[in-house]
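Student: Sharing a structure here in structure tokens format.
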Amino acid sequence: GQSLEQPSEVTAVEGAIVQINCTYQTSGFYGLSWYQQHDGGAPTFLSYNALDGLEETGRFSSFLSRSDSYGYLLLQELQMKDSASYFCAVSTYSGAGSYQLTFGKGTKLSVIP
Amino acid sequence: DGGITQSPKYLFRKEGQNVTLSCEQNLNHDAMYWYRQDPGQGLRLIYYSQIVNDFQKGDIAEGYSVSREKKESFPLTVTSAQKNPTAFYLCASRARGYEQYFGPGTRLTVT
């Protein structure tokens with residue numbers, strides 16, 4: 001089976017930088033994704049890493065180390081609207097062109113003034 | 001505008017009743033998924049479908065059933081066999097890439 005570990009809560013100050021870590025154990029690993037979910041809302045895609053290294057998309061960056069089964073999401077220049085839950089998710093291939101996502105339990109980020 | 005719609009947003013049912021949650025997409029995506037989310041938890045996969053008339057069980061399929069008669073539609077039935085049906089249900093679709101697009105969700109309460 002698959003398992004993912006991420007911190008349950010993180011608090012950071014507006015304008016600062018925060019890193020949310022994710023470690024995973026899985027078979028058939030294809031990539032690591034990050035999703036953002038505001039309270040009561042739907043998850044929205046932030047980033048995806050299939051290869052080792054850093055991917056940057058505006059204020060958000062995501063890193064993957066396949067050998068360490070580890071990744072992180074880096075949020076820079078934090079804004080109040082970044083207060084949300086952040087989920088890491090591993091993609092696994094289940095045959096016949098079928099991919100599944102297994103989600104971590106999420107990290108609730110609170111941005112304070 | 002393309003997207004995924006789920007209806008209704010809130011649904012209330014009595015214990016012992018089956019209930020069907022709607023999911024429609026006009027993104028022309030082949031793959032569709034159903035997830036369940038409980039408070040403070042991640043998303044858990046219930047069922048998924050790669051093509052019309054084909055679907056597979058996810059991690060927590062017991063007490064649920066689905067159909068995929070049209071590419072655009074992937075309804076989920078929560079049966080009376082599901083022991084703890086109260087949850088937030090999310091439908092998603094995927095094109096050929098890795099990104100999943102989610103609908104707004106249906107919050108089901110069973111009393």
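Simple scheme: letters A, B, ... for chains in structure tokens order, numbers from 1 for residues in each chain, numbers from 1 for ligands in the order shown.
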How close does each residue of chain A get to chain B, giving the shortest atom pair and distance in Å to one decimal for every residue with an atom at most 8 Å away, counting only C-alpha atoms, sorted by chain and residue number, as JSON lines?
Tutor:
{"residue": "A:Gly41", "atom": "CA", "partner": "B:Pro104", "partner_atom": "CA", "distance": 6.3}
{"residue": "A:Ala42", "atom": "CA", "partner": "B:Pro104", "partner_atom": "CA", "distance": 5.1}
{"residue": "A:Pro43", "atom": "CA", "partner": "B:Phe102", "partner_atom": "CA", "distance": 6.3}
{"residue": "A:Thr44", "atom": "CA", "partner": "B:Tyr101", "partner_atom": "CA", "distance": 7.0}
{"residue": "A:Phe45", "atom": "CA", "partner": "B:Glu99", "partner_atom": "CA", "distance": 6.5}
{"residue": "A:Tyr48", "atom": "CA", "partner": "B:Tyr98", "partner_atom": "CA", "distance": 7.7}
{"residue": "A:Phe87", "atom": "CA", "partner": "B:Gly42", "partner_atom": "CA", "distance": 7.3}
{"residue": "A:Ser91", "atom": "CA", "partner": "B:Tyr98", "partner_atom": "CA", "distance": 7.8}
{"residue": "A:Gly97", "atom": "CA", "partner": "B:Gln50", "partner_atom": "CA", "distance": 7.8}
{"residue": "A:Ser98", "atom": "CA", "partner": "B:Gln50", "partner_atom": "CA", "distance": 6.4}
{"residue": "A:Leu101", "atom": "CA", "partner": "B:Leu45", "partner_atom": "CA", "distance": 7.9}
{"residue": "A:Thr102", "atom": "CA", "partner": "B:Arg44", "partner_atom": "CA", "distance": 7.1}
{"residue": "A:Phe103", "atom": "CA", "partner": "B:Gly42", "partner_atom": "CA", "distance": 5.7}
{"residue": "A:Gly104", "atom": "CA", "partner": "B:Gly42", "partner_atom": "CA", "distance": 5.5}
{"residue": "A:Lys105", "atom": "CA", "partner": "B:Gly42", "partner_atom": "CA", "distance": 3.9}
{"residue": "A:Gly106", "atom": "CA", "partner": "B:Gly42", "partner_atom": "CA", "distance": 5.8}
Student: May I have the residues within 12 Å of Lys81 (chain A) as an mmCIF file with all heavy atoms, in the first residue's frame, using only C-alpha atoms and disregarding those fewer than 4 positions away in the same chain?
Tutor:
data_model
loop_
_atom_site.group_PDB
_atom_site.id
_atom_site.type_symbol
_atom_site.label_atom_id
_atom_site.label_comp_id
_atom_site.auth_asym_id
_atom_site.auth_seq_id
_atom_site.Cartn_x
_atom_site.Cartn_y
_atom_site.Cartn_z
ATOM 1 N N GLU A 14 2.903 36.530 7.534
ATOM 2 C CA GLU A 14 2.711 37.138 6.223
ATOM 3 C C GLU A 14 4.035 37.700 5.706
ATOM 4 O O GLU A 14 4.785 38.361 6.443
ATOM 5 C CB GLU A 14 1.674 38.251 6.336
ATOM 6 C CG GLU A 14 1.198 38.824 5.028
ATOM 7 C CD GLU A 14 0.107 39.866 5.236
ATOM 8 O OE1 GLU A 14 -0.081 40.313 6.389
ATOM 9 O OE2 GLU A 14 -0.547 40.235 4.246
ATOM 10 N N GLY A 15 4.335 37.409 4.452
ATOM 11 C CA GLY A 15 5.579 37.864 3.846
ATOM 12 C C GLY A 15 6.746 36.918 4.019
ATOM 13 O O GLY A 15 7.783 37.067 3.341
ATOM 14 N N GLN A 36 -3.872 22.432 -3.181
ATOM 15 C CA GLN A 36 -4.310 23.390 -2.169
ATOM 16 C C GLN A 36 -5.813 23.285 -2.008
ATOM 17 O O GLN A 36 -6.541 23.143 -2.998
ATOM 18 C CB GLN A 36 -3.951 24.819 -2.620
ATOM 19 C CG GLN A 36 -4.380 25.919 -1.669
ATOM 20 C CD GLN A 36 -4.267 27.288 -2.323
ATOM 21 O OE1 GLN A 36 -4.907 27.559 -3.343
ATOM 22 N NE2 GLN A 36 -3.447 28.155 -1.747
ATOM 23 N N GLN A 37 -6.278 23.349 -0.770
ATOM 24 C CA GLN A 37 -7.716 23.315 -0.527
ATOM 25 C C GLN A 37 -8.085 24.324 0.550
ATOM 26 O O GLN A 37 -7.646 24.206 1.693
ATOM 27 C CB GLN A 37 -8.168 21.910 -0.108
ATOM 28 C CG GLN A 37 -9.677 21.777 0.042
ATOM 29 C CD GLN A 37 -10.099 20.382 0.507
ATOM 30 O OE1 GLN A 37 -9.384 19.715 1.252
ATOM 31 N NE2 GLN A 37 -11.270 19.931 0.061
ATOM 32 N N HIS A 38 -8.903 25.296 0.175
ATOM 33 C CA HIS A 38 -9.456 26.218 1.161
ATOM 34 C C HIS A 38 -10.650 25.560 1.840
ATOM 35 O O HIS A 38 -11.279 24.657 1.283
ATOM 36 C CB HIS A 38 -9.865 27.533 0.499
ATOM 37 C CG HIS A 38 -8.705 28.388 0.106
ATOM 38 N ND1 HIS A 38 -8.189 28.406 -1.175
ATOM 39 C CD2 HIS A 38 -7.949 29.248 0.837
ATOM 40 C CE1 HIS A 38 -7.165 29.236 -1.220
ATOM 41 N NE2 HIS A 38 -6.993 29.763 -0.017
ATOM 42 N N ASP A 39 -10.940 26.008 3.066
ATOM 43 C CA ASP A 39 -12.024 25.422 3.847
ATOM 44 C C ASP A 39 -13.317 25.349 3.040
ATOM 45 O O ASP A 39 -13.772 26.361 2.516
ATOM 46 C CB ASP A 39 -12.258 26.226 5.121
ATOM 47 C CG ASP A 39 -11.205 25.946 6.183
ATOM 48 O OD1 ASP A 39 -10.460 24.964 6.025
ATOM 49 O OD2 ASP A 39 -11.139 26.709 7.156
ATOM 50 N N LEU A 75 6.544 27.853 -0.111
ATOM 51 C CA LEU A 75 5.703 29.005 -0.403
ATOM 52 C C LEU A 75 6.457 30.262 0.030
ATOM 53 O O LEU A 75 6.828 30.399 1.196
ATOM 54 C CB LEU A 75 4.367 28.937 0.325
ATOM 55 C CG LEU A 75 3.417 27.797 -0.038
ATOM 56 C CD1 LEU A 75 3.769 26.503 0.680
ATOM 57 C CD2 LEU A 75 1.990 28.185 0.281
ATOM 58 N N GLU A 77 6.916 34.653 0.049
ATOM 59 C CA GLU A 77 6.129 35.902 0.123
ATOM 60 C C GLU A 77 4.697 35.606 0.521
ATOM 61 O O GLU A 77 3.743 35.962 -0.182
ATOM 62 C CB GLU A 77 6.173 36.628 -1.220
ATOM 63 C CG GLU A 77 7.582 36.994 -1.668
ATOM 64 C CD GLU A 77 7.606 37.541 -3.091
ATOM 65 O OE1 GLU A 77 6.533 37.934 -3.609
ATOM 66 O OE2 GLU A 77 8.692 37.577 -3.683
ATOM 67 N N SER A 85 -5.361 24.312 3.438
ATOM 68 C CA SER A 85 -4.726 23.013 3.646
ATOM 69 C C SER A 85 -3.978 22.623 2.385
ATOM 70 O O SER A 85 -4.457 22.876 1.263
ATOM 71 C CB SER A 85 -5.772 21.953 3.985
ATOM 72 O OG SER A 85 -6.333 22.195 5.251
ATOM 73 N N LEU A 109 -2.139 25.274 6.856
ATOM 74 C CA LEU A 109 -1.269 26.436 6.964
ATOM 75 C C LEU A 109 -2.085 27.637 7.404
ATOM 76 O O LEU A 109 -3.085 27.983 6.776
ATOM 77 C CB LEU A 109 -0.607 26.735 5.616
ATOM 78 C CG LEU A 109 0.168 28.053 5.524
ATOM 79 C CD1 LEU A 109 1.365 28.052 6.478
ATOM 80 C CD2 LEU A 109 0.623 28.313 4.092
ATOM 81 N N SER A 110 -1.637 28.252 8.476
ATOM 82 C CA SER A 110 -2.242 29.497 8.945
ATOM 83 C C SER A 110 -1.227 30.607 8.764
ATOM 84 O O SER A 110 -0.111 30.524 9.292
ATOM 85 C CB SER A 110 -2.649 29.388 10.414
ATOM 86 O OG SER A 110 -3.610 28.376 10.596
ATOM 87 N N VAL A 111 -1.605 31.628 8.017
ATOM 88 C CA VAL A 111 -0.753 32.793 7.813
ATOM 89 C C VAL A 111 -1.252 33.897 8.728
ATOM 90 O O VAL A 111 -2.439 34.274 8.674
ATOM 91 C CB VAL A 111 -0.776 33.248 6.340
ATOM 92 C CG1 VAL A 111 0.120 34.472 6.154
ATOM 93 C CG2 VAL A 111 -0.327 32.115 5.433
ATOM 94 N N ILE A 112 -0.368 34.411 9.557
ATOM 95 C CA ILE A 112 -0.749 35.446 10.517
ATOM 96 C C ILE A 112 -0.084 36.778 10.162
ATOM 97 O O ILE A 112 0.995 36.790 9.565
ATOM 98 C CB ILE A 112 -0.384 35.018 11.952
ATOM 99 C CG1 ILE A 112 1.113 34.741 12.068
ATOM 100 C CG2 ILE A 112 -1.194 33.802 12.355
ATOM 101 C CD1 ILE A 112 1.562 34.413 13.477
ATOM 102 N N PRO A 113 -0.749 37.873 10.509
ATOM 103 C CA PRO A 113 -0.200 39.193 10.143
ATOM 104 C C PRO A 113 1.124 39.485 10.853
ATOM 105 O O PRO A 113 1.367 38.983 11.943
ATOM 106 C CB PRO A 113 -1.291 40.173 10.603
ATOM 107 C CG PRO A 113 -2.511 39.355 10.755
ATOM 108 C CD PRO A 113 -2.060 37.973 11.132
#
Student: Region 21-26 of chain A: which residues within 12 Å, counting only C-alpha atoms, same-chain residues fewer than 2 positions away excluded, as an MDAnalysis selection string?
Tutor: chainID A and resid 1:10 18:19 28:34 62:75 86:93 100:107
Student: Using the chain letters and numbers from this document, which residues of chain B does DSSP assign to strand (DSSP E), as a PyMOL selection string?
Tutor: chain B and resi 4-7+10-13+19-25+31-37+43-49+56-57+64-66+76-78+87-94+100-102+106-110
Student: Quick one: residues within 12 Å of Arg13 (chain B), only C-alpha atoms counted, chain neighbours fewer than 4 positions away excluded, as an mmCIF file with N, CA and C atoms, in the first residue's frame?
Tutor:
data_model
loop_
_atom_site.group_PDB
_atom_site.id
_atom_site.type_symbol
_atom_site.label_atom_id
_atom_site.label_comp_id
_atom_site.auth_asym_id
_atom_site.auth_seq_id
_atom_site.Cartn_x
_atom_site.Cartn_y
_atom_site.Cartn_z
ATOM 1 N N GLN B 17 -31.345 4.569 3.506
ATOM 2 C CA GLN B 17 -31.707 4.961 2.144
ATOM 3 C C GLN B 17 -30.469 5.001 1.262
ATOM 4 N N ASN B 18 -30.636 4.578 0.015
ATOM 5 C CA ASN B 18 -29.582 4.779 -0.966
ATOM 6 C C ASN B 18 -29.677 6.209 -1.498
ATOM 7 N N VAL B 19 -28.550 6.767 -1.879
ATOM 8 C CA VAL B 19 -28.541 8.120 -2.433
ATOM 9 C C VAL B 19 -27.509 8.191 -3.551
ATOM 10 N N THR B 20 -27.860 8.902 -4.624
ATOM 11 C CA THR B 20 -26.955 9.024 -5.776
ATOM 12 C C THR B 20 -26.449 10.452 -5.903
ATOM 13 N N LEU B 21 -25.129 10.589 -5.998
ATOM 14 C CA LEU B 21 -24.481 11.883 -6.162
ATOM 15 C C LEU B 21 -24.100 12.052 -7.628
ATOM 16 N N VAL B 78 -24.356 5.942 -2.930
ATOM 17 C CA VAL B 78 -23.995 5.561 -1.574
ATOM 18 C C VAL B 78 -25.106 4.650 -1.075
ATOM 19 N N THR B 79 -24.798 3.406 -0.845
ATOM 20 C CA THR B 79 -25.842 2.453 -0.481
ATOM 21 C C THR B 79 -25.996 2.369 1.035
ATOM 22 N N SER B 80 -27.052 1.702 1.450
ATOM 23 C CA SER B 80 -27.311 1.538 2.880
ATOM 24 C C SER B 80 -26.256 0.641 3.532
ATOM 25 N N PRO B 85 -21.636 6.913 6.078
ATOM 26 C CA PRO B 85 -21.715 7.627 4.816
ATOM 27 C C PRO B 85 -21.567 9.144 4.923
ATOM 28 N N THR B 86 -21.724 9.714 6.104
ATOM 29 C CA THR B 86 -21.620 11.163 6.243
ATOM 30 C C THR B 86 -20.196 11.605 5.951
ATOM 31 N N ARG B 107 -21.677 17.667 0.096
ATOM 32 C CA ARG B 107 -21.570 17.320 1.521
ATOM 33 C C ARG B 107 -22.809 16.509 1.897
ATOM 34 N N LEU B 108 -22.608 15.233 2.172
ATOM 35 C CA LEU B 108 -23.704 14.315 2.490
ATOM 36 C C LEU B 108 -23.789 14.113 3.995
ATOM 37 N N THR B 109 -24.997 14.282 4.515
ATOM 38 C CA THR B 109 -25.260 14.024 5.926
ATOM 39 C C THR B 109 -26.346 12.963 6.028
ATOM 40 N N VAL B 110 -26.040 11.891 6.720
ATOM 41 C CA VAL B 110 -27.007 10.805 6.915
ATOM 42 C C VAL B 110 -27.307 10.687 8.404
ATOM 43 N N THR B 111 -28.604 10.751 8.743
ATOM 44 C CA THR B 111 -28.988 10.696 10.166
ATOM 45 C C THR B 111 -29.953 9.549 10.431
#
Student: Interatomic distance between CA of Ser93 (chain B) and CA of Glu69 (chain B)?
Tutor: 15.4 Å
Student: Asn28 (chain B): which residues within 8 Å, counting only C-alpha atoms, same-chain residues fewer than 5 positions away excluded, as a PyMOL selection string?
Tutor: chain B and resi 71-72+95
Student: Using the selection just defined, write its residues with all heavy atoms as an mmCIF file, in the first residue's frame.
Tutor:
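What landed in out.cif:
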data_model
loop_
_atom_site.group_PDB
_atom_site.id
_atom_site.type_symbol
_atom_site.label_atom_id
_atom_site.label_comp_id
_atom_site.auth_asym_id
_atom_site.auth_seq_id
_atom_site.Cartn_x
_atom_site.Cartn_y
_atom_site.Cartn_z
ATOM 1 N N LYS B 71 -19.317 9.463 -21.310
ATOM 2 C CA LYS B 71 -18.010 10.021 -20.984
ATOM 3 C C LYS B 71 -18.139 11.179 -20.001
ATOM 4 O O LYS B 71 -17.281 11.381 -19.140
ATOM 5 C CB LYS B 71 -17.333 10.513 -22.266
ATOM 6 C CG LYS B 71 -15.905 10.961 -22.103
ATOM 7 C CD LYS B 71 -15.310 11.306 -23.457
ATOM 8 C CE LYS B 71 -13.838 11.630 -23.327
ATOM 9 N NZ LYS B 71 -13.231 11.912 -24.663
ATOM 10 N N GLU B 72 -19.251 11.929 -20.117
ATOM 11 C CA GLU B 72 -19.407 13.142 -19.331
ATOM 12 C C GLU B 72 -19.881 12.895 -17.909
ATOM 13 O O GLU B 72 -19.809 13.779 -17.069
ATOM 14 C CB GLU B 72 -20.417 14.081 -20.008
ATOM 15 C CG GLU B 72 -20.068 14.496 -21.416
ATOM 16 C CD GLU B 72 -20.371 13.436 -22.443
ATOM 17 O OE1 GLU B 72 -21.127 12.479 -22.132
ATOM 18 O OE2 GLU B 72 -19.846 13.530 -23.567
ATOM 19 N N ALA B 95 -7.211 14.533 -17.804
ATOM 20 C CA ALA B 95 -6.938 14.314 -19.221
ATOM 21 C C ALA B 95 -5.787 13.313 -19.310
ATOM 22 O O ALA B 95 -5.716 12.386 -18.524
ATOM 23 C CB ALA B 95 -6.612 15.643 -19.888
#
